[in-house]
>>> print(open('query05.cif').read())   # mmCIF, C-alpha atoms (C1' of nucleotides)
data_work
#
loop_
_atom_site.label_atom_id
_atom_site.label_comp_id
_atom_site.auth_asym_id
_atom_site.auth_seq_id
_atom_site.Cartn_x
_atom_site.Cartn_y
_atom_site.Cartn_z
CA MET A 119 -15.95 43.83 40.91
CA ASP A 120 -14.09 40.58 40.30
CA GLU A 121 -12.14 39.77 37.17
CA ARG A 122 -14.56 37.05 36.10
CA ARG A 123 -17.51 39.40 35.99
CA LYS A 124 -15.49 42.01 34.15
CA THR A 125 -14.51 39.53 31.46
CA TYR A 126 -18.08 38.34 31.16
CA LEU A 127 -19.41 41.88 30.86
CA GLU A 128 -16.94 42.46 28.06
CA ALA A 129 -18.09 39.33 26.25
CA LYS A 130 -21.76 40.18 26.60
CA SER A 131 -21.36 43.81 25.60
CA ARG A 132 -19.43 42.70 22.52
CA VAL A 133 -22.51 40.82 21.32
CA LEU A 134 -24.77 43.82 21.92
CA LYS A 135 -22.31 46.16 20.29
CA ALA A 136 -22.21 43.94 17.21
CA LEU A 137 -25.95 44.44 16.82
CA GLY A 138 -25.64 48.15 17.60
CA HIS A 139 -25.30 49.39 14.05
CA PRO A 140 -28.14 49.93 11.58
CA THR A 141 -26.57 47.92 8.77
CA ARG A 142 -25.67 45.03 11.05
CA LEU A 143 -29.12 45.01 12.58
CA LEU A 144 -30.61 44.97 9.09
CA ILE A 145 -28.42 41.98 8.27
CA ALA A 146 -29.55 40.14 11.39
CA GLU A 147 -33.21 40.85 10.70
CA GLU A 148 -32.94 39.67 7.11
CA LEU A 149 -31.16 36.50 8.14
CA GLY A 150 -34.14 35.85 10.38
CA ARG A 151 -36.03 35.04 7.17
CA GLY A 152 -33.37 32.70 5.86
CA GLU A 153 -29.83 32.61 4.54
CA ARG A 154 -28.57 35.33 2.25
CA CYS A 155 -25.49 35.96 0.17
CA VAL A 156 -23.34 39.07 0.54
CA CYS A 157 -24.61 40.70 -2.63
CA GLU A 158 -28.15 40.85 -1.25
CA PHE A 159 -27.02 42.98 1.67
CA VAL A 160 -25.02 45.23 -0.64
CA ASP A 161 -28.21 45.95 -2.56
CA MET A 162 -30.44 46.38 0.49
CA ALA A 163 -28.12 48.51 2.58
CA GLY A 164 -26.76 50.50 -0.33
CA VAL A 165 -23.15 50.38 0.86
CA ASP A 166 -19.97 49.03 -0.58
CA TYR A 167 -19.20 45.33 -0.81
CA SER A 168 -16.14 45.88 1.35
CA THR A 169 -18.22 47.60 3.99
CA VAL A 170 -20.81 44.84 4.10
CA SER A 171 -18.06 42.26 4.30
CA ARG A 172 -16.64 43.99 7.37
CA HIS A 173 -20.02 44.20 9.06
CA LEU A 174 -20.59 40.52 8.41
CA ASN A 175 -17.25 39.77 9.99
CA VAL A 176 -18.17 41.73 13.12
CA LEU A 177 -21.35 39.69 13.48
CA LYS A 178 -19.48 36.46 12.81
CA GLN A 179 -16.77 37.23 15.38
CA ALA A 180 -19.49 37.98 17.91
CA GLY A 181 -20.90 34.50 17.32
CA ILE A 182 -24.21 35.75 15.94
CA ILE A 183 -23.94 34.52 12.35
CA GLU A 184 -22.05 31.89 10.40
CA ASP A 185 -20.98 31.57 6.79
CA GLU A 186 -20.81 28.81 4.27
CA LYS A 187 -19.15 29.03 0.92
CA ARG A 188 -20.98 27.43 -1.98
CA GLY A 189 -19.42 27.93 -5.34
CA LYS A 190 -18.50 31.53 -5.94
CA GLN A 191 -20.85 32.80 -3.27
CA VAL A 192 -20.76 32.94 0.50
CA PHE A 193 -24.05 32.37 2.28
CA TYR A 194 -24.63 33.73 5.74
CA SER A 195 -27.17 32.54 8.28
CA LEU A 196 -28.21 33.29 11.85
CA ARG A 197 -26.42 31.03 14.26
CA VAL A 198 -28.46 32.07 17.28
CA PRO A 199 -31.92 33.22 16.16
CA CYS A 200 -33.04 34.29 19.64
CA VAL A 201 -31.31 37.64 19.13
CA LEU A 202 -34.31 38.66 17.05
CA SER A 203 -36.48 38.34 20.14
CA PHE A 204 -34.79 41.50 21.47
CA MET A 205 -36.80 43.59 19.06
CA GLU A 206 -40.03 43.53 21.03
CA CYS A 207 -38.39 45.00 24.10
CA ILE A 208 -36.38 47.48 22.06
CA GLU A 209 -39.57 48.70 20.45
CA GLN A 210 -40.96 49.19 23.93
CA VAL A 211 -37.94 51.29 24.88
CA ILE A 212 -38.46 53.47 21.82
CA ARG A 213 -42.21 53.72 22.31
CA THR A 214 -42.13 54.71 25.98
CA GLY A 215 -39.30 57.13 25.23
CA ALA A 216 -41.44 58.85 22.63
CA GLU A 217 -44.43 58.94 24.99
CA ASP A 218 -42.40 60.54 27.75
CA ARG A 219 -41.11 63.21 25.42
CA MET A 220 -44.74 63.97 24.52
CA LYS A 221 -45.64 64.45 28.17
CA MET A 222 -42.63 66.71 28.67
CA ILE A 223 -43.85 69.00 25.93
CA GLY A 224 -47.26 69.22 27.58
CA GLN A 225 -45.61 70.26 30.81
CA ASP A 226 -43.26 72.70 29.08
CA GLN A 227 -40.37 70.73 30.53
CA MET B 60 -35.09 49.83 1.62
CA ASP B 61 -37.59 52.55 2.43
CA GLU B 62 -36.82 55.57 4.58
CA ARG B 63 -39.13 54.45 7.37
CA ARG B 64 -37.30 51.20 7.91
CA LYS B 65 -33.97 52.94 7.80
CA THR B 66 -34.98 55.40 10.51
CA TYR B 67 -36.38 52.57 12.60
CA LEU B 68 -33.21 50.52 12.24
CA GLU B 69 -31.25 53.53 13.43
CA ALA B 70 -33.47 53.92 16.48
CA LYS B 71 -33.28 50.26 17.40
CA SER B 72 -29.54 50.00 16.88
CA ARG B 73 -29.06 53.06 19.10
CA VAL B 74 -30.64 51.15 21.99
CA LEU B 75 -28.44 48.11 21.42
CA LYS B 76 -25.37 50.26 21.03
CA ALA B 77 -26.10 51.96 24.34
CA LEU B 78 -25.93 48.56 26.04
CA GLY B 79 -22.87 47.59 24.02
CA HIS B 80 -20.25 48.76 26.48
CA PRO B 81 -19.07 46.84 29.56
CA THR B 82 -19.57 49.73 31.97
CA ARG B 83 -23.01 50.56 30.65
CA LEU B 84 -24.06 46.93 30.74
CA LEU B 85 -22.85 46.73 34.34
CA ILE B 86 -24.96 49.77 35.14
CA ALA B 87 -28.03 48.22 33.53
CA GLU B 88 -27.54 44.94 35.35
CA GLU B 89 -27.11 46.67 38.71
CA LEU B 90 -30.20 48.77 38.16
CA GLY B 91 -32.05 45.52 37.68
CA ARG B 92 -31.70 45.07 41.44
CA GLY B 93 -32.98 48.52 42.26
CA GLU B 94 -32.11 52.19 41.98
CA ARG B 95 -28.56 53.35 42.53
CA CYS B 96 -26.78 56.67 42.85
CA VAL B 97 -23.85 57.65 40.63
CA CYS B 98 -21.25 57.12 43.33
CA GLU B 99 -22.10 53.42 43.52
CA PHE B 100 -21.20 52.91 39.87
CA VAL B 101 -18.01 54.87 40.29
CA ASP B 102 -16.94 52.42 42.99
CA MET B 103 -18.05 49.31 41.13
CA ALA B 104 -16.71 50.17 37.70
CA GLY B 105 -13.56 51.83 38.98
CA VAL B 106 -13.72 54.73 36.54
CA ASP B 107 -13.99 58.46 36.96
CA TYR B 108 -17.15 60.20 38.09
CA SER B 109 -17.20 62.13 34.84
CA THR B 110 -16.94 58.94 32.84
CA VAL B 111 -19.79 57.27 34.71
CA SER B 112 -21.89 60.38 34.28
CA ARG B 113 -21.39 60.25 30.53
CA HIS B 114 -22.28 56.56 30.35
CA LEU B 115 -25.42 57.23 32.34
CA ASN B 116 -26.35 59.93 29.88
CA VAL B 117 -25.95 57.56 26.93
CA LEU B 118 -28.33 55.09 28.60
CA LYS B 119 -30.76 57.86 29.46
CA GLN B 120 -30.78 59.28 25.93
CA ALA B 121 -31.45 55.78 24.62
CA GLY B 122 -34.53 55.61 26.85
CA ILE B 123 -33.24 52.73 28.94
CA ILE B 124 -32.86 54.47 32.30
CA GLU B 125 -34.23 57.54 34.07
CA ASP B 126 -32.92 59.77 36.83
CA GLU B 127 -34.38 61.47 39.85
CA LYS B 128 -32.59 64.00 41.97
CA ARG B 129 -33.10 63.70 45.69
CA GLY B 130 -31.04 66.05 47.82
CA LYS B 131 -27.46 66.11 46.77
CA GLN B 132 -27.68 62.80 44.99
CA VAL B 133 -29.08 61.63 41.68
CA PHE B 134 -30.72 58.22 41.66
CA TYR B 135 -30.96 56.22 38.49
CA SER B 136 -33.38 53.41 37.76
CA LEU B 137 -34.28 51.09 34.87
CA ARG B 138 -37.11 52.53 32.85
CA VAL B 139 -37.62 49.42 30.73
CA PRO B 140 -36.53 46.35 32.71
CA CYS B 141 -37.11 43.91 29.86
CA VAL B 142 -33.67 44.74 28.49
CA LEU B 143 -32.24 42.44 31.14
CA SER B 144 -34.05 39.54 29.50
CA PHE B 145 -31.53 39.80 26.64
CA MET B 146 -28.91 38.20 28.82
CA GLU B 147 -30.14 34.66 28.48
CA CYS B 148 -29.85 34.74 24.69
CA ILE B 149 -26.53 36.57 24.81
CA GLU B 150 -25.17 33.89 27.08
CA GLN B 151 -26.30 31.35 24.52
CA VAL B 152 -24.43 33.23 21.79
CA ILE B 153 -21.28 33.17 23.89
CA ARG B 154 -21.69 29.55 24.92
CA THR B 155 -22.27 28.15 21.43
CA GLY B 156 -19.43 30.32 20.13
CA ALA B 157 -17.08 28.77 22.65
CA GLU B 158 -18.31 25.26 21.82
CA ASP B 159 -17.75 25.76 18.12
CA ARG B 160 -14.24 26.99 18.71
CA MET B 161 -13.61 23.79 20.71
CA LYS B 162 -14.78 21.62 17.82
CA MET B 163 -12.55 23.58 15.44
CA ILE B 164 -9.52 22.73 17.53
CA GLY B 165 -10.44 19.04 17.41
CA GLN B 166 -10.55 19.20 13.62
CA ASP B 167 -7.30 21.14 13.42
CA GLN B 168 -9.13 24.06 11.81
"C1'" DA C 93 -22.34 83.88 53.40
"C1'" DG C 94 -18.80 79.99 53.17
"C1'" DT C 95 -17.61 75.22 52.88
"C1'" DA C 96 -18.22 70.42 51.72
"C1'" DT C 97 -20.34 66.87 48.83
"C1'" DA C 98 -22.42 64.89 44.57
"C1'" DT C 99 -22.80 65.28 39.92
"C1'" DT C 100 -22.35 67.27 35.27
"C1'" DT C 101 -19.89 69.70 31.61
"C1'" DG C 102 -15.97 71.38 28.78
"C1'" DG C 103 -11.53 70.53 26.93
"C1'" DC C 104 -8.41 67.54 25.21
"C1'" DA C 105 -5.74 63.28 23.84
"C1'" DT C 106 -6.12 58.74 22.23
"C1'" DA C 107 -8.31 54.84 20.36
"C1'" DA C 108 -11.90 52.58 17.79
"C1'" DT C 109 -15.32 52.63 13.80
"C1'" DA C 110 -17.16 53.26 9.26
"C1'" DG C 111 -16.78 53.77 4.61
"C1'" DC C 112 -14.69 54.00 0.07
"C1'" DA C 113 -11.40 52.69 -3.52
"C1'" DA C 114 -8.04 49.67 -5.12
"C1'" DA C 115 -5.67 45.33 -4.78
"C1'" DA C 116 -5.82 40.45 -3.59
"C1'" DT C 117 -8.27 35.73 -3.54
"C1'" DA C 118 -11.19 32.12 -5.00
"C1'" DA C 119 -14.11 29.70 -7.83
"C1'" DA C 120 -16.51 29.19 -12.23
"C1'" DA C 121 -16.91 29.84 -17.18
"C1'" DG C 122 -15.15 30.30 -21.66
"C1'" DC D 235 -5.06 29.30 -19.30
"C1'" DT D 236 -7.58 33.75 -19.40
"C1'" DT D 237 -11.53 36.11 -18.02
"C1'" DT D 238 -15.43 36.97 -15.20
"C1'" DT D 239 -17.89 37.07 -10.91
"C1'" DA D 240 -18.21 37.15 -5.78
"C1'" DT D 241 -16.05 38.26 -1.84
"C1'" DT D 242 -12.32 39.70 1.34
"C1'" DT D 243 -8.36 42.44 2.63
"C1'" DT D 244 -5.50 46.61 2.72
"C1'" DG D 245 -4.74 51.44 2.91
"C1'" DC D 246 -6.46 55.63 3.91
"C1'" DT D 247 -9.50 59.35 5.79
"C1'" DA D 248 -13.15 61.18 8.47
"C1'" DT D 249 -16.00 60.66 12.26
"C1'" DT D 250 -17.20 59.07 16.69
"C1'" DA D 251 -16.29 57.10 21.31
"C1'" DT D 252 -13.77 56.78 25.60
"C1'" DG D 253 -11.58 58.52 29.58
"C1'" DC D 254 -9.20 61.69 32.35
"C1'" DC D 255 -8.59 66.31 34.50
"C1'" DA D 256 -10.21 70.62 35.72
"C1'" DA D 257 -14.02 73.75 36.00
"C1'" DA D 258 -18.90 74.56 36.68
"C1'" DT D 259 -23.44 73.55 39.19
"C1'" DA D 260 -26.40 72.29 42.67
"C1'" DT D 261 -27.65 71.16 47.15
"C1'" DA D 262 -26.92 70.54 51.98
"C1'" DC D 263 -24.33 71.91 56.22
"C1'" DT D 264 -22.26 75.29 59.47
#
>>> encode(input="query05.cif", output="structure tokens")
Amino acid sequence: MDERRKTYLEAKSRVLKALGHPTRLLIAEELGRGERCVCEFVDMAGVDYSTVSRHLNVLKQAGIIEDEKRGKQVFYSLRVPCVLSFMECIEQVIRTGAEDRMKMIGQDQ
Amino acid sequence: MDERRKTYLEAKSRVLKALGHPTRLLIAEELGRGERCVCEFVDMAGVDYSTVSRHLNVLKQAGIIEDEKRGKQVFYSLRVPCVLSFMECIEQVIRTGAEDRMKMIGQDQ
DNA sequence: AGTATATTTGGCATAATAGCAAAATAAAAG
DNA sequence: CTTTTATTTTGCTATTATGCCAAATATACT
């Protein structure tokens, strides 16, 4: 495998990894409905301000969201909304996984 | 946030997390061209057999790939090929991220 | 049965993540 | 200018992830 591909795989997996956490995925989904300030995620996710702030930074570094300071608050928004289109396929992965496990039970392995 | 959504966010983020590693993303991309045995990934990724085996298990547990033993070898294949369609959007994330960083340099921050 | 090949599993060391609490910043309000 | 509010950063701890080596399994070959 050449170096170029390796670097590119790293870049792409970084984006997926950023979305690979329940709180960060929640943030992305909520931003799909419009911009939000940090405090709203603190309430929704039920975790510390400092924790939310870190998650937001992971998503920002990955290039998925952007921030804008207005007064005392910082508003975040989705920079690349197409990431939300992943959900349909992900739901399919989960659904077919569940179906297969059902079949397995029927066959007693 | 209700319990149902929380559980669902965990399930969905598990799928994304599984793809959020360069070696596992390489595996998924390769399987997009057809089934492969473990040894092929060992060569391509340049990591230990045991390491590849573990990555394959992560993808399998996530419901993304499946395995089939034939003779001495185990062949893996993509169970839900739509995951490869994520790439276009991910490339967009990377591209616009790079562009923005360019602009930043022009503005000296 | 005995050996070779392909893959998985267990054990272990190291690195990366996640979360909280407390301290630091920044802007607005009094 | 002091206080309050919103957010980020730092320090720390606990948990999880990664990767190698060696051992275990499974199947084919002789």
>>> closest_atom_pairs(input="query05.cif", of="chain C", to="stretch 252-260 of chain D", cutoff="9 Å", atoms="only C-alpha atoms (C1' of nucleotides)", output="tab-separated table")
residue	atom	partner	partner_atom	distance
C:DA98	C1'	D:DA260	C1'	8.6
C:DT99	C1'	D:DT259	C1'	8.3
C:DT100	C1'	D:DT259	C1'	7.5
C:DT101	C1'	D:DA258	C1'	7.1
C:DG102	C1'	D:DA257	C1'	7.8
C:DG103	C1'	D:DA256	C1'	8.9
C:DT106	C1'	D:DT252	C1'	8.6
C:DA107	C1'	D:DT252	C1'	7.8
>>> write_last_selection(input="query05.cif", atoms="C-alpha atoms (C1' of nucleotides)", output="tab-separated table (two decimals), keeping the file's coordinate frame")
chain	number	residue	atom	x	y	z
C	98	DA	C1'	-22.42	64.89	44.57
C	99	DT	C1'	-22.80	65.28	39.92
C	100	DT	C1'	-22.35	67.27	35.27
C	101	DT	C1'	-19.89	69.70	31.61
C	102	DG	C1'	-15.97	71.38	28.78
C	103	DG	C1'	-11.53	70.53	26.93
C	106	DT	C1'	-6.12	58.74	22.23
C	107	DA	C1'	-8.31	54.84	20.36
>>> atom_distance(input="query05.cif", atom1="atom CA of B:Leu118", atom2="atom CA of B:Tyr135")
10.3 Å
>>> resolve_selection(input="query05.cif", expression="the PyMOL selection byres ((chain A) within 12 of (chain C))", output="list in words")
Lys135, Ala136, Gly138, His139, Pro140, Thr141, Arg142, Gly164, Val165, Asp166, Tyr167, Ser168, Thr169, Val170, Ser171, Arg172, His173, Val176, Lys187, Arg188, Gly189, Lys190, Gln191 and Val192 of chain A
>>> write_last_selection(input="query05.cif", atoms="C-alpha atoms", output="PDB file, keeping the file's coordinate frame")
ATOM      1  CA  LYS A 135     -22.310  46.160  20.290  1.00  0.00           C
ATOM      2  CA  ALA A 136     -22.210  43.940  17.210  1.00  0.00           C
ATOM      3  CA  GLY A 138     -25.640  48.150  17.600  1.00  0.00           C
ATOM      4  CA  HIS A 139     -25.300  49.390  14.050  1.00  0.00           C
ATOM      5  CA  PRO A 140     -28.140  49.930  11.580  1.00  0.00           C
ATOM      6  CA  THR A 141     -26.570  47.920   8.770  1.00  0.00           C
ATOM      7  CA  ARG A 142     -25.670  45.030  11.050  1.00  0.00           C
ATOM      8  CA  GLY A 164     -26.760  50.500  -0.330  1.00  0.00           C
ATOM      9  CA  VAL A 165     -23.150  50.380   0.860  1.00  0.00           C
ATOM     10  CA  ASP A 166     -19.970  49.030  -0.580  1.00  0.00           C
ATOM     11  CA  TYR A 167     -19.200  45.330  -0.810  1.00  0.00           C
ATOM     12  CA  SER A 168     -16.140  45.880   1.350  1.00  0.00           C
ATOM     13  CA  THR A 169     -18.220  47.600   3.990  1.00  0.00           C
ATOM     14  CA  VAL A 170     -20.810  44.840   4.100  1.00  0.00           C
ATOM     15  CA  SER A 171     -18.060  42.260   4.300  1.00  0.00           C
ATOM     16  CA  ARG A 172     -16.640  43.990   7.370  1.00  0.00           C
ATOM     17  CA  HIS A 173     -20.020  44.200   9.060  1.00  0.00           C
ATOM     18  CA  VAL A 176     -18.170  41.730  13.120  1.00  0.00           C
ATOM     19  CA  LYS A 187     -19.150  29.030   0.920  1.00  0.00           C
ATOM     20  CA  ARG A 188     -20.980  27.430  -1.980  1.00  0.00           C
ATOM     21  CA  GLY A 189     -19.420  27.930  -5.340  1.00  0.00           C
ATOM     22  CA  LYS A 190     -18.500  31.530  -5.940  1.00  0.00           C
ATOM     23  CA  GLN A 191     -20.850  32.800  -3.270  1.00  0.00           C
ATOM     24  CA  VAL A 192     -20.760  32.940   0.500  1.00  0.00           C
TER      25      VAL A 192
END
>>> atom_distance(input="query05.cif", atom1="atom CA of B:Ile153", atom2="atom CA of A:Arg132")
9.8 Å
>>> resolve_selection(input="query05.cif", expression="the PyMOL selection byres ((chain A) within 10 of (chain B))", output="PyMOL selection string")
chain A and resi 119-120+123-144+147+161-164+178-183+197-216+218
>>> calpha_fit_and_write(input="query05.cif", fixed="chain B", moving="chain A", output="mmCIF file with C-alpha atoms, in the frame of the given file")
data_model
loop_
_atom_site.group_PDB
_atom_site.id
_atom_site.type_symbol
_atom_site.label_atom_id
_atom_site.label_comp_id
_atom_site.auth_asym_id
_atom_site.auth_seq_id
_atom_site.Cartn_x
_atom_site.Cartn_y
_atom_site.Cartn_z
ATOM 1 C CA MET A 119 -35.074 49.840 1.653
ATOM 2 C CA ASP A 120 -37.550 52.591 2.487
ATOM 3 C CA GLU A 121 -36.780 55.603 4.630
ATOM 4 C CA ARG A 122 -39.098 54.486 7.420
ATOM 5 C CA ARG A 123 -37.275 51.224 7.938
ATOM 6 C CA LYS A 124 -33.923 52.964 7.828
ATOM 7 C CA THR A 125 -34.960 55.397 10.540
ATOM 8 C CA TYR A 126 -36.341 52.577 12.636
ATOM 9 C CA LEU A 127 -33.170 50.528 12.268
ATOM 10 C CA GLU A 128 -31.214 53.532 13.461
ATOM 11 C CA ALA A 129 -33.451 53.919 16.501
ATOM 12 C CA LYS A 130 -33.260 50.252 17.413
ATOM 13 C CA SER A 131 -29.517 49.977 16.909
ATOM 14 C CA ARG A 132 -29.042 53.034 19.117
ATOM 15 C CA VAL A 133 -30.624 51.138 22.009
ATOM 16 C CA LEU A 134 -28.419 48.094 21.428
ATOM 17 C CA LYS A 135 -25.344 50.236 21.050
ATOM 18 C CA ALA A 136 -26.093 51.930 24.365
ATOM 19 C CA LEU A 137 -25.926 48.537 26.052
ATOM 20 C CA GLY A 138 -22.844 47.573 24.041
ATOM 21 C CA HIS A 139 -20.239 48.718 26.521
ATOM 22 C CA PRO A 140 -19.084 46.813 29.603
ATOM 23 C CA THR A 141 -19.577 49.695 32.022
ATOM 24 C CA ARG A 142 -23.014 50.530 30.664
ATOM 25 C CA LEU A 143 -24.064 46.906 30.766
ATOM 26 C CA LEU A 144 -22.860 46.714 34.360
ATOM 27 C CA ILE A 145 -24.976 49.764 35.154
ATOM 28 C CA ALA A 146 -28.044 48.205 33.558
ATOM 29 C CA GLU A 147 -27.556 44.926 35.398
ATOM 30 C CA GLU A 148 -27.135 46.665 38.738
ATOM 31 C CA LEU A 149 -30.214 48.784 38.180
ATOM 32 C CA GLY A 150 -32.067 45.520 37.693
ATOM 33 C CA ARG A 151 -31.722 45.079 41.464
ATOM 34 C CA GLY A 152 -32.993 48.543 42.271
ATOM 35 C CA GLU A 153 -32.118 52.208 41.989
ATOM 36 C CA ARG A 154 -28.573 53.378 42.535
ATOM 37 C CA CYS A 155 -26.792 56.685 42.850
ATOM 38 C CA VAL A 156 -23.868 57.684 40.639
ATOM 39 C CA CYS A 157 -21.255 57.141 43.321
ATOM 40 C CA GLU A 158 -22.101 53.440 43.533
ATOM 41 C CA PHE A 159 -21.222 52.936 39.884
ATOM 42 C CA VAL A 160 -18.008 54.909 40.301
ATOM 43 C CA ASP A 161 -16.955 52.458 42.996
ATOM 44 C CA MET A 162 -18.069 49.320 41.160
ATOM 45 C CA ALA A 163 -16.712 50.168 37.735
ATOM 46 C CA GLY A 164 -13.566 51.827 39.010
ATOM 47 C CA VAL A 165 -13.729 54.739 36.569
ATOM 48 C CA ASP A 166 -13.989 58.453 36.949
ATOM 49 C CA TYR A 167 -17.156 60.212 38.050
ATOM 50 C CA SER A 168 -17.171 62.128 34.785
ATOM 51 C CA THR A 169 -16.933 58.917 32.813
ATOM 52 C CA VAL A 170 -19.786 57.269 34.678
ATOM 53 C CA SER A 171 -21.878 60.382 34.240
ATOM 54 C CA ARG A 172 -21.388 60.199 30.477
ATOM 55 C CA HIS A 173 -22.286 56.525 30.339
ATOM 56 C CA LEU A 174 -25.424 57.202 32.335
ATOM 57 C CA ASN A 175 -26.348 59.909 29.879
ATOM 58 C CA VAL A 176 -25.953 57.524 26.939
ATOM 59 C CA LEU A 177 -28.326 55.067 28.594
ATOM 60 C CA LYS A 178 -30.758 57.842 29.469
ATOM 61 C CA GLN A 179 -30.782 59.248 25.924
ATOM 62 C CA ALA A 180 -31.453 55.752 24.624
ATOM 63 C CA GLY A 181 -34.534 55.595 26.845
ATOM 64 C CA ILE A 182 -33.235 52.716 28.954
ATOM 65 C CA ILE A 183 -32.859 54.469 32.310
ATOM 66 C CA GLU A 184 -34.225 57.523 34.070
ATOM 67 C CA ASP A 185 -32.922 59.764 36.819
ATOM 68 C CA GLU A 186 -34.379 61.482 39.806
ATOM 69 C CA LYS A 187 -32.621 64.029 41.916
ATOM 70 C CA ARG A 188 -33.111 63.750 45.658
ATOM 71 C CA GLY A 189 -31.107 66.135 47.725
ATOM 72 C CA LYS A 190 -27.493 66.207 46.679
ATOM 73 C CA GLN A 191 -27.706 62.862 44.939
ATOM 74 C CA VAL A 192 -29.099 61.667 41.642
ATOM 75 C CA PHE A 193 -30.730 58.252 41.648
ATOM 76 C CA TYR A 194 -30.972 56.227 38.486
ATOM 77 C CA SER A 195 -33.384 53.408 37.743
ATOM 78 C CA LEU A 196 -34.278 51.092 34.874
ATOM 79 C CA ARG A 197 -37.092 52.523 32.836
ATOM 80 C CA VAL A 198 -37.619 49.405 30.748
ATOM 81 C CA PRO A 199 -36.533 46.332 32.729
ATOM 82 C CA CYS A 200 -37.110 43.888 29.865
ATOM 83 C CA VAL A 201 -33.662 44.731 28.495
ATOM 84 C CA LEU A 202 -32.250 42.425 31.151
ATOM 85 C CA SER A 203 -34.053 39.528 29.503
ATOM 86 C CA PHE A 204 -31.529 39.781 26.643
ATOM 87 C CA MET A 205 -28.896 38.195 28.827
ATOM 88 C CA GLU A 206 -30.134 34.637 28.478
ATOM 89 C CA CYS A 207 -29.854 34.722 24.711
ATOM 90 C CA ILE A 208 -26.540 36.554 24.819
ATOM 91 C CA GLU A 209 -25.160 33.868 27.086
ATOM 92 C CA GLN A 210 -26.295 31.334 24.522
ATOM 93 C CA VAL A 211 -24.419 33.199 21.795
ATOM 94 C CA ILE A 212 -21.263 33.153 23.898
ATOM 95 C CA ARG A 213 -21.681 29.527 24.920
ATOM 96 C CA THR A 214 -22.265 28.130 21.433
ATOM 97 C CA GLY A 215 -19.431 30.296 20.128
ATOM 98 C CA ALA A 216 -17.071 28.754 22.647
ATOM 99 C CA GLU A 217 -18.304 25.245 21.820
ATOM 100 C CA ASP A 218 -17.734 25.751 18.116
ATOM 101 C CA ARG A 219 -14.215 26.975 18.701
ATOM 102 C CA MET A 220 -13.593 23.779 20.692
ATOM 103 C CA LYS A 221 -14.747 21.636 17.787
ATOM 104 C CA MET A 222 -12.545 23.597 15.395
ATOM 105 C CA ILE A 223 -9.502 22.782 17.474
ATOM 106 C CA GLY A 224 -10.378 19.092 17.379
ATOM 107 C CA GLN A 225 -10.552 19.248 13.613
ATOM 108 C CA ASP A 226 -7.359 21.296 13.331
ATOM 109 C CA GLN A 227 -9.389 23.963 11.570
#
>>> atom_distance(input="query05.cif", atom1="atom CA of B:Ala87", atom2="atom CA of B:Ser136")
8.6 Å
>>> resolve_selection(input="query05.cif", expression="the PyMOL selection byres ((chain D) within 8 of (chain A))", output="PyMOL selection string")
chain D and resi 239-242
